[in-house]
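Report on one structure; see the data block that follows.
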Amino acid sequence: MKQSMVFNSKKPVYLKDPHNYIKEEHIQLFNLSSVIFVPIVHEQQVFGWLTFDQLGEEFDYSIDELTLLDQVGKRLGLYLSRKDDEVSFGTDIQLTERESMILNLLAEGYNNKKMAELLQLSEHTVRDYVSSLMTKFKAKNRTQVVVYGFRLGLLK
């Protein structure tokens, strides 16, 4: 198993002695001895690799540990494979242009005073827009407004 074979694997790979598979300069640079490579994969797509080592200390592994790491790689791959429309919820909520602007500024962490300055509105008007968003989303506070905005696909 040479280097290309290690990185084409869709399963975790344990190398007790990586000298035959990894360039010597990388072994020295990262102080590697034993190492586990875990692919971040979903279906046939490999997104990357997690590497686990013991800072130059040789180690062994158990089948349970490798199985757990395999599941971690698959779950990360599933997460990375999602498209925005797959994670958003269907919604009938319609926002006005101003509400949408306020929602985006809320997500950026602006307070009412700063939003009022940016949009050239009064603080009271901004407060009313925030209140309207809370009502539409049935949110208890500003943080929930932002969370629901992301969940409903209104924020990216």
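In the structure tokens, each chain is lettered A, B, ... as it comes, each chain's residues begin at 1, and ligands are numbered from 1 in order of appearance.
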TODO: Might you pull out every residue within 10 Å of His124 in chain A, with only C-alpha atoms counted and same-chain residues fewer than 5 positions away left off, and present them as a PyMOL selection string?
DONE: chain A and resi 112-113+116+129-130
Let me see the file: selected residues, all heavy atoms, as a PDB file, in the first residue's frame.
```
ATOM      1  N   ASN A 112     -30.069  47.799  17.902  1.00  0.00           N
ATOM      2  CA  ASN A 112     -31.081  48.654  17.272  1.00  0.00           C
ATOM      3  C   ASN A 112     -30.519  50.018  16.871  1.00  0.00           C
ATOM      4  O   ASN A 112     -30.834  50.537  15.798  1.00  0.00           O
ATOM      5  CB  ASN A 112     -32.283  48.849  18.192  1.00  0.00           C
ATOM      6  CG  ASN A 112     -33.118  47.586  18.315  1.00  0.00           C
ATOM      7  OD1 ASN A 112     -32.801  46.558  17.738  1.00  0.00           O
ATOM      8  ND2 ASN A 112     -34.192  47.683  19.078  1.00  0.00           N
ATOM      9  N   LYS A 113     -29.703  50.586  17.730  1.00  0.00           N
ATOM     10  CA  LYS A 113     -29.152  51.916  17.452  1.00  0.00           C
ATOM     11  C   LYS A 113     -28.303  51.905  16.185  1.00  0.00           C
ATOM     12  O   LYS A 113     -28.455  52.763  15.311  1.00  0.00           O
ATOM     13  CB  LYS A 113     -28.329  52.407  18.646  1.00  0.00           C
ATOM     14  CG  LYS A 113     -27.789  53.797  18.486  1.00  0.00           C
ATOM     15  CD  LYS A 113     -27.071  54.257  19.730  1.00  0.00           C
ATOM     16  CE  LYS A 113     -26.601  55.691  19.534  1.00  0.00           C
ATOM     17  NZ  LYS A 113     -26.005  56.227  20.762  1.00  0.00           N
ATOM     18  N   ALA A 116     -30.428  51.380  13.089  1.00  0.00           N
ATOM     19  CA  ALA A 116     -31.142  52.619  12.766  1.00  0.00           C
ATOM     20  C   ALA A 116     -30.221  53.577  11.998  1.00  0.00           C
ATOM     21  O   ALA A 116     -30.628  54.172  11.002  1.00  0.00           O
ATOM     22  CB  ALA A 116     -31.658  53.273  14.041  1.00  0.00           C
ATOM     23  N   TYR A 129     -39.687  46.677  13.681  1.00  0.00           N
ATOM     24  CA  TYR A 129     -39.357  45.630  12.706  1.00  0.00           C
ATOM     25  C   TYR A 129     -38.884  44.355  13.413  1.00  0.00           C
ATOM     26  O   TYR A 129     -39.257  43.245  13.049  1.00  0.00           O
ATOM     27  CB  TYR A 129     -38.283  46.100  11.721  1.00  0.00           C
ATOM     28  CG  TYR A 129     -38.827  46.940  10.593  1.00  0.00           C
ATOM     29  CD1 TYR A 129     -38.427  48.255  10.442  1.00  0.00           C
ATOM     30  CD2 TYR A 129     -39.725  46.417   9.665  1.00  0.00           C
ATOM     31  CE1 TYR A 129     -38.911  49.032   9.400  1.00  0.00           C
ATOM     32  CE2 TYR A 129     -40.219  47.183   8.632  1.00  0.00           C
ATOM     33  CZ  TYR A 129     -39.812  48.492   8.496  1.00  0.00           C
ATOM     34  OH  TYR A 129     -40.300  49.244   7.464  1.00  0.00           O
ATOM     35  N   VAL A 130     -38.059  44.519  14.438  1.00  0.00           N
ATOM     36  CA  VAL A 130     -37.585  43.365  15.215  1.00  0.00           C
ATOM     37  C   VAL A 130     -38.777  42.668  15.863  1.00  0.00           C
ATOM     38  O   VAL A 130     -38.889  41.438  15.833  1.00  0.00           O
ATOM     39  CB  VAL A 130     -36.529  43.778  16.262  1.00  0.00           C
ATOM     40  CG1 VAL A 130     -36.209  42.614  17.193  1.00  0.00           C
ATOM     41  CG2 VAL A 130     -35.265  44.288  15.587  1.00  0.00           C
TER      42      VAL A 130
END
```
So which residues touch Ile102 in chain A within 10 Å, counting only C-alpha atoms, skipping near sequence neighbours fewer than 4 positions away, as a short mmCIF file (atom, residue, chain, number, x, y, z; two decimals) with C-alpha atoms, in the first residue's frame?
```
data_model
loop_
_atom_site.label_atom_id
_atom_site.label_comp_id
_atom_site.auth_asym_id
_atom_site.auth_seq_id
_atom_site.Cartn_x
_atom_site.Cartn_y
_atom_site.Cartn_z
CA THR A 96 -40.76 42.65 3.57
CA GLU A 97 -37.55 44.11 2.16
CA ARG A 98 -36.97 46.05 5.39
CA LEU A 106 -29.46 41.05 13.46
CA ALA A 107 -27.50 38.03 12.23
CA GLU A 108 -24.43 40.27 11.99
CA TYR A 110 -25.94 44.85 15.27
CA ASN A 112 -31.08 48.65 17.27
CA MET A 115 -29.22 49.34 12.58
CA ALA A 116 -31.14 52.62 12.77
CA LEU A 119 -30.81 52.18 7.51
CA VAL A 126 -36.12 49.30 14.02
CA ARG A 127 -37.61 48.02 17.29
CA TYR A 129 -39.36 45.63 12.71
CA VAL A 130 -37.58 43.36 15.21
CA LEU A 133 -39.92 39.42 13.02
#
```
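Between Glu58 in chain A and the candidates A:Gly149, A:Gly73, A:Pro18, A:Pro39, the tightest atom-to-atom separation, counting only C-alpha atoms, involves A:Pro18.
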Open item on the list: Based on the backbone DSSP call, show me all residues of range 35-67 of chain A assigned strand (DSSP E or B), as a list in words.
Closed with: Val35, Ile36, Phe37, Val38, Pro39, Ile40, Val41, His42, Gln45, Val46, Phe47, Gly48, Trp49, Leu50, Thr51, Phe52 and Asp53 of chain A
